[in-house]
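Asker: I'm passing along work_12.tsv; it holds TSV, C-alpha atoms.
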chain	number	residue	atom	x	y	z
A	19	MET	CA	171.92	227.57	171.58
A	20	ALA	CA	173.83	230.06	173.72
A	21	ASP	CA	176.43	232.21	172.08
A	22	SER	CA	178.95	231.79	174.85
A	23	SER	CA	182.10	231.80	172.75
A	24	ALA	CA	184.18	234.92	172.10
A	25	PRO	CA	182.76	237.21	169.39
A	26	THR	CA	183.86	236.62	165.81
A	27	ARG	CA	186.50	239.24	165.06
A	28	VAL	CA	185.85	240.69	161.61
A	29	MET	CA	188.54	242.89	160.12
A	30	MET	CA	187.43	245.27	157.36
A	31	ALA	CA	189.75	247.23	155.13
A	32	VAL	CA	188.06	250.54	154.35
A	33	ASN	CA	189.07	253.36	152.04
A	34	GLU	CA	187.80	256.69	150.82
A	35	SER	CA	185.76	257.23	147.65
A	36	SER	CA	188.03	257.80	144.66
A	37	LEU	CA	185.43	260.17	143.25
A	38	LYS	CA	184.19	262.12	146.27
A	39	GLY	CA	187.32	261.84	148.41
A	40	TYR	CA	187.36	262.03	152.22
A	41	PRO	CA	185.37	261.55	154.37
A	42	HIS	CA	183.18	259.49	152.01
A	43	PRO	CA	183.74	255.73	152.05
A	44	SER	CA	184.23	254.04	148.67
A	45	ILE	CA	181.26	252.27	147.09
A	46	SER	CA	183.10	248.93	147.42
A	47	CYS	CA	183.77	249.13	151.14
A	48	ARG	CA	180.33	250.52	151.96
A	49	THR	CA	178.74	247.69	149.96
A	50	ALA	CA	180.93	245.16	151.79
A	51	PHE	CA	180.04	246.64	155.18
A	52	ASP	CA	176.29	246.73	154.51
A	53	TRP	CA	176.37	243.17	153.16
A	54	THR	CA	178.26	241.89	156.21
A	55	LEU	CA	175.73	243.46	158.56
A	56	SER	CA	172.64	242.17	156.79
A	57	LYS	CA	173.88	238.72	155.75
A	58	LEU	CA	176.32	237.66	158.47
A	59	VAL	CA	175.72	239.67	161.62
A	60	ARG	CA	171.94	239.65	161.10
A	61	SER	CA	170.19	239.77	164.51
A	62	ASN	CA	173.31	238.86	166.47
A	63	PRO	CA	175.38	242.06	167.02
A	64	GLY	CA	176.84	240.71	170.24
A	65	GLY	CA	178.42	237.82	168.35
A	66	PHE	CA	180.70	240.05	166.31
A	67	HIS	CA	183.51	242.50	166.93
A	68	PHE	CA	184.55	244.74	164.04
A	69	LEU	CA	188.08	245.93	163.36
A	70	PHE	CA	188.31	248.75	160.80
A	71	LEU	CA	191.65	249.35	159.16
A	72	HIS	CA	192.22	252.31	156.88
A	73	VAL	CA	195.50	252.30	154.98
A	74	GLN	CA	196.67	255.69	153.70
A	75	VAL	CA	198.95	255.61	150.69
A	76	PRO	CA	201.79	258.11	151.33
A	77	ASP	CA	202.38	258.98	147.66
A	78	GLU	CA	198.75	259.58	146.81
A	79	ASP	CA	197.67	261.54	149.84
A	80	GLY	CA	197.81	265.28	149.61
A	81	PHE	CA	197.19	265.35	145.86
A	82	ASP	CA	194.60	268.06	146.50
A	83	ASP	CA	197.33	270.13	148.04
A	84	MET	CA	199.38	270.52	144.87
A	85	ASP	CA	198.99	274.28	145.04
A	86	SER	CA	200.10	274.49	148.63
A	87	ILE	CA	203.59	275.69	149.49
A	88	TYR	CA	205.69	273.54	151.77
A	89	ALA	CA	208.38	275.80	153.11
A	90	SER	CA	209.19	274.28	156.46
A	91	PRO	CA	209.06	270.96	158.34
A	92	ALA	CA	206.03	272.35	160.15
A	93	ASP	CA	204.15	272.52	156.83
A	94	PHE	CA	204.68	268.80	156.35
A	95	ASP	CA	203.65	268.07	159.91
A	96	GLN	CA	200.50	270.07	159.27
A	97	MET	CA	199.81	268.12	156.06
A	98	LYS	CA	200.28	264.82	157.85
A	99	GLN	CA	198.00	265.99	160.60
A	100	ARG	CA	195.35	266.95	158.04
A	101	ASP	CA	195.59	263.55	156.34
A	102	LYS	CA	195.21	261.86	159.67
A	103	ILE	CA	192.10	263.86	160.48
A	104	ARG	CA	190.61	263.01	157.08
A	105	GLY	CA	191.29	259.33	157.70
A	106	LEU	CA	189.67	259.57	161.12
A	107	HIS	CA	186.56	261.12	159.62
A	108	LEU	CA	186.31	258.15	157.26
A	109	LEU	CA	186.60	255.71	160.16
A	110	GLU	CA	184.03	257.71	162.11
A	111	TYR	CA	181.39	256.73	159.55
A	112	PHE	CA	181.85	253.02	160.29
A	113	VAL	CA	182.33	253.37	164.04
A	114	ASN	CA	179.11	255.39	164.29
A	115	GLN	CA	177.15	252.79	162.35
A	116	CYS	CA	178.44	250.01	164.62
A	117	HIS	CA	177.63	252.04	167.69
A	118	GLN	CA	174.02	252.48	166.56
A	119	ILE	CA	173.59	248.76	165.96
A	120	GLY	CA	175.39	247.72	169.13
A	121	ILE	CA	178.43	246.07	167.59
A	122	LYS	CA	181.69	246.58	169.43
A	123	CYS	CA	184.47	247.84	167.21
A	124	GLU	CA	187.94	249.32	166.93
A	125	ALA	CA	189.40	251.44	164.15
A	126	TRP	CA	192.89	252.55	163.25
A	127	ILE	CA	195.03	254.04	160.47
A	128	ARG	CA	198.23	252.70	158.92
A	129	HIS	CA	200.40	253.95	156.07
A	130	GLY	CA	201.87	252.07	153.14
A	131	ASP	CA	200.87	249.79	150.29
A	132	PRO	CA	197.29	248.72	151.19
A	133	LYS	CA	197.63	245.06	150.20
A	134	GLU	CA	200.91	244.60	152.08
A	135	VAL	CA	199.73	246.51	155.13
A	136	ILE	CA	196.39	244.66	155.30
A	137	CYS	CA	198.16	241.29	155.27
A	138	SER	CA	200.71	242.33	157.88
A	139	GLU	CA	197.94	243.70	160.09
A	140	VAL	CA	196.07	240.39	159.74
A	141	LYS	CA	199.23	238.67	160.95
A	142	ARG	CA	199.51	241.05	163.90
A	143	VAL	CA	195.85	241.29	164.93
A	144	GLN	CA	194.77	237.74	163.98
A	145	PRO	CA	191.10	238.36	163.14
A	146	ASP	CA	188.76	235.43	162.44
A	147	LEU	CA	187.79	236.89	159.09
A	148	LEU	CA	188.97	239.58	156.70
A	149	VAL	CA	186.34	241.36	154.60
A	150	VAL	CA	187.49	243.11	151.44
A	151	GLY	CA	185.37	244.95	148.96
A	152	SER	CA	186.21	244.59	145.31
A	153	ARG	CA	185.39	246.74	142.34
A	154	GLY	CA	184.83	243.65	140.23
A	155	LEU	CA	187.16	244.89	137.50
A	156	GLY	CA	187.60	242.96	134.28
A	157	PRO	CA	191.03	241.56	133.33
A	158	PHE	CA	191.91	244.65	131.29
A	159	GLN	CA	191.27	247.14	134.08
A	160	ARG	CA	192.89	244.81	136.60
A	161	VAL	CA	196.27	245.12	134.91
A	162	PHE	CA	196.43	248.83	135.56
A	163	VAL	CA	194.65	249.08	138.86
A	164	GLY	CA	195.90	245.92	140.52
A	165	THR	CA	193.58	244.35	143.02
A	166	VAL	CA	194.03	244.42	146.72
A	167	SER	CA	191.38	241.74	147.15
A	168	GLU	CA	193.14	239.15	144.99
A	169	PHE	CA	196.38	239.65	146.89
A	170	CYS	CA	194.63	239.33	150.26
A	171	VAL	CA	192.79	236.14	149.29
A	172	LYS	CA	196.15	234.55	148.49
A	173	HIS	CA	198.30	235.94	151.26
A	174	ALA	CA	196.22	236.88	154.31
A	175	GLU	CA	196.57	234.34	157.10
A	176	CYS	CA	192.86	234.05	157.83
A	177	PRO	CA	189.64	233.33	155.88
A	178	VAL	CA	188.88	236.13	153.42
A	179	ILE	CA	185.55	237.20	152.01
A	180	THR	CA	185.52	239.10	148.75
A	181	ILE	CA	182.44	241.18	148.07
A	182	LYS	CA	182.06	242.67	144.64
A	183	ARG	CA	180.11	245.80	143.96
A	184	LYS	CA	176.63	245.16	142.64
A	185	ALA	CA	176.29	245.73	138.90
A	186	THR	CA	173.67	248.40	139.63
A	187	GLU	CA	176.17	250.32	141.72
A	188	ALA	CA	178.99	250.27	139.21
A	189	PRO	CA	179.78	253.72	137.84
A	190	GLN	CA	180.41	254.21	134.12
A	191	ASP	CA	184.13	254.46	134.71
A	192	PRO	CA	184.94	251.37	136.80
A	193	ILE	CA	187.91	253.15	138.36
A	194	ASP	CA	185.48	255.47	140.15
A	195	ASP	CA	184.74	254.06	143.53
M	5	MET	CA	166.84	243.02	167.17
M	6	ALA	CA	164.49	240.50	165.52
M	7	ASP	CA	165.83	238.36	162.69
M	8	SER	CA	162.78	238.80	160.52
M	9	SER	CA	164.49	238.80	157.13
M	10	ALA	CA	164.89	235.68	155.00
M	11	PRO	CA	167.74	233.39	156.11
M	12	THR	CA	171.18	233.95	154.58
M	13	ARG	CA	171.60	231.31	151.87
M	14	VAL	CA	175.10	229.86	152.11
M	15	MET	CA	176.26	227.64	149.27
M	16	MET	CA	179.12	225.26	150.06
M	17	ALA	CA	181.04	223.28	147.49
M	18	VAL	CA	182.03	219.98	149.09
M	19	ASN	CA	184.19	217.16	147.83
M	20	GLU	CA	185.56	213.82	148.95
M	21	SER	CA	188.93	213.28	150.59
M	22	SER	CA	191.63	212.67	147.99
M	23	LEU	CA	193.33	210.28	150.41
M	24	LYS	CA	190.46	208.37	152.02
M	25	GLY	CA	187.95	208.68	149.17
M	26	TYR	CA	184.19	208.49	149.59
M	27	PRO	CA	182.28	208.98	151.81
M	28	HIS	CA	184.89	211.04	153.70
M	29	PRO	CA	184.81	214.80	153.12
M	30	SER	CA	188.10	216.48	152.23
M	31	ILE	CA	190.02	218.25	154.98
M	32	SER	CA	189.49	221.59	153.17
M	33	CYS	CA	185.73	221.39	152.97
M	34	ARG	CA	185.32	220.02	156.48
M	35	THR	CA	187.50	222.85	157.80
M	36	ALA	CA	185.43	225.37	155.83
M	37	PHE	CA	182.16	223.91	157.12
M	38	ASP	CA	183.26	223.84	160.79
M	39	TRP	CA	184.61	227.39	160.52
M	40	THR	CA	181.36	228.66	159.00
M	41	LEU	CA	179.32	227.11	161.80
M	42	SER	CA	181.45	228.41	164.66
M	43	LYS	CA	182.35	231.86	163.28
M	44	LEU	CA	179.35	232.91	161.17
M	45	VAL	CA	176.29	230.91	162.17
M	46	ARG	CA	177.28	230.95	165.86
M	47	SER	CA	174.09	230.85	167.99
M	48	ASN	CA	171.77	231.75	165.12
M	49	PRO	CA	170.97	228.55	163.16
M	50	GLY	CA	167.58	229.91	162.10
M	51	GLY	CA	169.29	232.78	160.29
M	52	PHE	CA	171.04	230.54	157.79
M	53	HIS	CA	170.09	228.07	155.08
M	54	PHE	CA	172.84	225.82	153.72
M	55	LEU	CA	173.08	224.62	150.13
M	56	PHE	CA	175.58	221.78	149.60
M	57	LEU	CA	176.80	221.17	146.09
M	58	HIS	CA	179.00	218.20	145.26
M	59	VAL	CA	180.50	218.17	141.79
M	60	GLN	CA	181.62	214.78	140.49
M	61	VAL	CA	184.34	214.83	137.86
M	62	PRO	CA	183.36	212.33	135.14
M	63	ASP	CA	186.93	211.45	134.10
M	64	GLU	CA	188.24	210.88	137.57
M	65	ASP	CA	185.36	208.91	139.04
M	66	GLY	CA	185.58	205.16	138.90
M	67	PHE	CA	189.38	205.09	139.08
M	68	ASP	CA	189.04	202.43	141.77
M	69	ASP	CA	187.23	200.29	139.26
M	70	MET	CA	190.16	199.84	136.89
M	71	ASP	CA	190.01	196.07	137.35
M	72	SER	CA	186.30	195.88	136.67
M	73	ILE	CA	185.07	194.63	133.32
M	74	TYR	CA	182.55	196.73	131.48
M	75	ALA	CA	180.88	194.44	129.00
M	76	SER	CA	177.45	195.95	128.56
M	77	PRO	CA	175.60	199.27	128.85
M	78	ALA	CA	174.16	197.93	132.11
M	79	ASP	CA	177.68	197.79	133.58
M	80	PHE	CA	178.10	201.51	132.93
M	81	ASP	CA	174.70	202.26	134.37
M	82	GLN	CA	175.68	200.33	137.45
M	83	MET	CA	178.94	202.27	137.75
M	84	LYS	CA	177.10	205.58	137.43
M	85	GLN	CA	174.63	204.46	140.03
M	86	ARG	CA	177.48	203.51	142.39
M	87	ASP	CA	179.14	206.91	141.91
M	88	LYS	CA	175.88	208.61	142.67
M	89	ILE	CA	175.45	206.65	145.88
M	90	ARG	CA	179.00	207.50	146.94
M	91	GLY	CA	178.29	211.17	146.34
M	92	LEU	CA	175.08	210.96	148.33
M	93	HIS	CA	176.95	209.42	151.26
M	94	LEU	CA	179.32	212.37	151.20
M	95	LEU	CA	176.42	214.83	151.25
M	96	GLU	CA	174.78	212.84	154.06
M	97	TYR	CA	177.65	213.84	156.37
M	98	PHE	CA	176.85	217.54	155.98
M	99	VAL	CA	173.07	217.19	155.97
M	100	ASN	CA	173.21	215.18	159.20
M	101	GLN	CA	175.37	217.80	160.90
M	102	CYS	CA	172.97	220.58	159.87
M	103	HIS	CA	170.01	218.56	161.06
M	104	GLN	CA	171.57	218.12	164.51
M	105	ILE	CA	172.22	221.85	164.85
M	106	GLY	CA	168.85	222.88	163.44
M	107	ILE	CA	170.03	224.53	160.23
M	108	LYS	CA	167.81	224.00	157.21
M	109	CYS	CA	169.68	222.72	154.19
M	110	GLU	CA	169.54	221.23	150.72
M	111	ALA	CA	172.12	219.10	148.94
M	112	TRP	CA	172.59	217.96	145.37
M	113	ILE	CA	175.09	216.48	142.92
M	114	ARG	CA	176.25	217.78	139.56
M	115	HIS	CA	178.81	216.51	137.06
M	116	GLY	CA	181.55	218.38	135.25
M	117	ASP	CA	184.51	220.66	135.88
M	118	PRO	CA	184.04	221.74	139.53
M	119	LYS	CA	184.98	225.40	139.06
M	120	GLU	CA	182.72	225.85	136.03
M	121	VAL	CA	179.83	223.95	137.58
M	122	ILE	CA	180.07	225.83	140.89
M	123	CYS	CA	179.90	229.19	139.13
M	124	SER	CA	177.00	228.15	136.91
M	125	GLU	CA	175.13	226.79	139.94
M	126	VAL	CA	175.70	230.11	141.74
M	127	LYS	CA	174.14	231.83	138.75
M	128	ARG	CA	171.17	229.46	138.82
M	129	VAL	CA	170.58	229.23	142.59
M	130	GLN	CA	171.66	232.79	143.52
M	131	PRO	CA	172.93	232.17	147.08
M	132	ASP	CA	173.92	235.10	149.29
M	133	LEU	CA	177.37	233.64	149.88
M	134	LEU	CA	179.60	230.94	148.41
M	135	VAL	CA	182.00	229.17	150.79
M	136	VAL	CA	184.98	227.40	149.27
M	137	GLY	CA	187.71	225.57	151.10
M	138	SER	CA	191.22	225.92	149.80
M	139	ARG	CA	194.27	223.72	150.26
M	140	GLY	CA	196.43	226.83	150.55
M	141	LEU	CA	198.86	225.55	147.93
M	142	GLY	CA	202.01	227.46	147.10
M	143	PRO	CA	202.56	228.85	143.59
M	144	PHE	CA	204.48	225.75	142.48
M	145	GLN	CA	201.78	223.26	143.43
M	146	ARG	CA	199.10	225.61	142.11
M	147	VAL	CA	200.36	225.27	138.56
M	148	PHE	CA	199.69	221.56	138.50
M	149	VAL	CA	196.62	221.34	140.67
M	150	GLY	CA	194.80	224.49	139.60
M	151	THR	CA	192.61	226.07	142.19
M	152	VAL	CA	188.88	226.03	142.21
M	153	SER	CA	188.78	228.73	144.88
M	154	GLU	CA	190.73	231.32	142.85
M	155	PHE	CA	188.43	230.80	139.87
M	156	CYS	CA	185.30	231.15	142.01
M	157	VAL	CA	186.50	234.35	143.72
M	158	LYS	CA	186.90	235.92	140.28
M	159	HIS	CA	183.86	234.54	138.49
M	160	ALA	CA	181.11	233.60	140.93
M	161	GLU	CA	178.30	236.15	140.91
M	162	CYS	CA	178.04	236.46	144.69
M	163	PRO	CA	180.35	237.18	147.62
M	164	VAL	CA	182.87	234.37	148.10
M	165	ILE	CA	184.67	233.31	151.24
M	166	THR	CA	187.92	231.41	150.89
M	167	ILE	CA	188.95	229.34	153.88
M	168	LYS	CA	192.41	227.85	153.84
M	169	ARG	CA	193.30	224.72	155.71
M	170	LYS	CA	195.09	225.41	158.96
M	171	ALA	CA	198.84	224.79	158.82
M	172	THR	CA	198.43	222.16	161.55
M	173	GLU	CA	196.01	220.23	159.35
M	174	ALA	CA	198.15	220.23	156.24
M	175	PRO	CA	199.38	216.76	155.31
M	176	GLN	CA	203.00	216.25	154.24
M	177	ASP	CA	201.93	215.98	150.61
M	178	PRO	CA	199.79	219.07	150.02
M	179	ILE	CA	197.88	217.27	147.28
M	180	ASP	CA	196.36	214.98	149.94
M	181	ASP	CA	193.11	216.44	151.08
Show how you would write the structure in this file as structure tokens.
Answerer:
Amino acid sequence: MADSSAPTRVMMAVNESSLKGYPHPSISCRTAFDWTLSKLVRSNPGGFHFLFLHVQVPDEDGFDDMDSIYASPADFDQMKQRDKIRGLHLLEYFVNQCHQIGIKCEAWIRHGDPKEVICSEVKRVQPDLLVVGSRGLGPFQRVFVGTVSEFCVKHAECPVITIKRKATEAPQDPIDD
Amino acid sequence: MADSSAPTRVMMAVNESSLKGYPHPSISCRTAFDWTLSKLVRSNPGGFHFLFLHVQVPDEDGFDDMDSIYASPADFDQMKQRDKIRGLHLLEYFVNQCHQIGIKCEAWIRHGDPKEVICSEVKRVQPDLLVVGSRGLGPFQRVFVGTVSEFCVKHAECPVITIKRKATEAPQDPIDD
């Protein structure tokens, strides 16, 4: 059976590790990426086209810079530039992996509330599939952390696959990711 | 790249059309099945193994038989037998399609609350992926209908893909399926 149709466009929302920070990808999104490669793409890299979206949260970025002094607009520009570079290094991890396997891909950064931005980007880009990692939090943790994946399953205008972290990969503090 | 690893085991929960009844599959599960074939399996039928589960709801089955008279245990046996045959005809639709494409598959029937049974079957069978169709109901309809897909995303012990019906396929009454 020839694979003559257009490649399946898979959008993946990726974020940095909450424990290690940039440029390390979170356990959830690395698990989701690896799973997608081994279980869906399999031996057919030409049949898929990956779209990596990294959403930076304006209020949370730059927390490491609490000791820095922002005295001029240029300081803020520099901070934004640094955040952007960190985000690009995160995306580089995924783009490099795709390149090695022979999967075409694109990657870009947006700013805002991840769940809202992911859904609006789905609307704009119209992928065939959205892949979201999930920390598999219990109901108690969910109240405080909120879950991007639950929101996307309900609101994204395309099929959504939710991939929980494996139990063996869960850190003691489930917020770590 | 050779596809030497074991096929990806895809479990699909399928049900009958709420409008047309057996043996017609619901719009949601037919949409989910067609999408999975064209967007994930693509030209690689040997890389996937489908597992079709149909859950019959004991209380709702046999509604068409309201005028029948049940006078002996044999009458109930006969009714159960008829339900089973109806369920098998539903599964036949999917098994035939897989056979034509060259995808290996299995199919079976269980009884109970669909969302509970699906999750317990996931635990037992351990598929790589669970595919659930969704009627894409709004919050108002969701209260009355409940959604199997939301429950499975939260509780099934494997990655779950939720595939909503396309807007063009939605009937006027969203309960119809």
Asker: When you look at range 44-48 of chain A with a cut-off of 9 Å (counting only C-alpha atoms), what residues show up, excluding the ones that are within fewer than 2 positions of it in the same chain? I need them as an MDAnalysis selection string.
Answerer: chainID A and resid 30:39 42 50:53 112 149:153 181:184 187:188 194:195
Asker: Kindly give the distance, in Å, that separates CA of Met83 in chain M and CA of Cys123 in chain M, rounded to a single decimal.
Answerer: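 Computing the Euclidean distance for CA of Met83 in chain M and CA of Cys123 in chain M yields 27.0 Å.
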Asker: Residues near range 162-166 of chain M, anyone? I mean within 8 Å using all atoms listed in the file, not counting same-chain ones fewer than 4 positions away, as a PDB file with C-alpha atoms, in the coordinates of the input.
Answerer:
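Wrote it out as around_30.pdb, contents follow:
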ATOM      1  CA  VAL A 171     192.790 236.140 149.290  1.00  0.00           C
ATOM      2  CA  PRO A 177     189.640 233.330 155.880  1.00  0.00           C
ATOM      3  CA  VAL A 178     188.880 236.130 153.420  1.00  0.00           C
ATOM      4  CA  ILE A 179     185.550 237.200 152.010  1.00  0.00           C
ATOM      5  CA  THR A 180     185.520 239.100 148.750  1.00  0.00           C
ATOM      6  CA  ILE A 181     182.440 241.180 148.070  1.00  0.00           C
ATOM      7  CA  LYS A 182     182.060 242.670 144.640  1.00  0.00           C
TER       8      LYS A 182
ATOM      9  CA  VAL M 126     175.700 230.110 141.740  1.00  0.00           C
ATOM     10  CA  GLN M 130     171.660 232.790 143.520  1.00  0.00           C
ATOM     11  CA  PRO M 131     172.930 232.170 147.080  1.00  0.00           C
ATOM     12  CA  ASP M 132     173.920 235.100 149.290  1.00  0.00           C
ATOM     13  CA  LEU M 133     177.370 233.640 149.880  1.00  0.00           C
ATOM     14  CA  LEU M 134     179.600 230.940 148.410  1.00  0.00           C
ATOM     15  CA  VAL M 135     182.000 229.170 150.790  1.00  0.00           C
ATOM     16  CA  VAL M 136     184.980 227.400 149.270  1.00  0.00           C
ATOM     17  CA  GLY M 137     187.710 225.570 151.100  1.00  0.00           C
ATOM     18  CA  SER M 138     191.220 225.920 149.800  1.00  0.00           C
ATOM     19  CA  SER M 153     188.780 228.730 144.880  1.00  0.00           C
ATOM     20  CA  CYS M 156     185.300 231.150 142.010  1.00  0.00           C
ATOM     21  CA  VAL M 157     186.500 234.350 143.720  1.00  0.00           C
TER      22      VAL M 157
END
Asker: Given only C-alpha atoms as the basis, pick out the residue of M:Leu95, M:Ala10, M:Leu57, M:Cys102 nearest to Thr40 in chain M.
Answerer: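 Comparing M:Leu95, M:Ala10, M:Leu57, M:Cys102 against Thr40 in chain M, the winner is M:Cys102.
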Asker: Could you check which of A:Asp131, A:Pro25, A:Arg142, A:Val75 is closest to Ser42 in chain M, using only C-alpha atoms?
Answerer: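 Among A:Asp131, A:Pro25, A:Arg142, A:Val75, it is A:Pro25 that comes nearest to Ser42 in chain M.
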Asker: Rank A:Gln118, A:Thr26, A:Gln99, A:Ser90 by their smallest atom-to-atom distance to chain M, using only C-alpha atoms, and report the top residue only.
Answerer: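 Of all the options, A:Thr26 lies closest to chain M.
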Asker: Mind giving me the straight-line distance from CA of Pro91 in chain A to CA of Ile103 in chain A in Å, one decimal?
Answerer: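 One can read the CA of Pro91 in chain A to CA of Ile103 in chain A distance as 18.5 Å.
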Asker: May I have the residues within 12 Å of Lys84 in chain M as a PyMOL selection string, using only C-alpha atoms and disregarding those fewer than 2 positions away in the same chain?
Answerer: chain M and resi 60-63+65-66+69+74+77-82+86-91+115
Asker: By how many Å are CA of Leu55 in chain A and CA of Val14 in chain M apart?
Answerer: 15.1 Å
Asker: Which residue out of A:Lys122, A:Arg128, A:Lys133, A:Arg60 has the minimum interatomic distance to chain M when all atoms listed in the file are used?
Answerer: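 Selected residue with least distance to chain M: A:Arg60.
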Asker: Find the residue from M:Leu92, M:Ala160, M:Met15, M:Val59 that sits nearest to chain A; use all atoms listed in the file when measuring.
Answerer: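 When distances to chain A are compared using all atoms listed in the file, the smallest one comes from M:Ala160.
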Asker: I'd like the box whose edges run along x, y and z of the file and which contains every listed atom of range 69-88 of chain M, padded by 3 Å per side; could you state its centre and edge lengths in Å, one decimal, as lines of an AutoDock Vina configuration file?
Answerer:
center_x = 182.2
center_y = 201.5
center_z = 135.6
size_x = 22.0
size_y = 20.2
size_z = 20.1
Asker: Would you please work out which residue, of M:Val99, M:Ile107, M:Ile73, M:Leu55, is nearest to chain A when using all atoms listed in the file?
Answerer: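 Of M:Val99, M:Ile107, M:Ile73, M:Leu55, the one nearest chain A, counting all atoms listed in the file, is M:Ile107.
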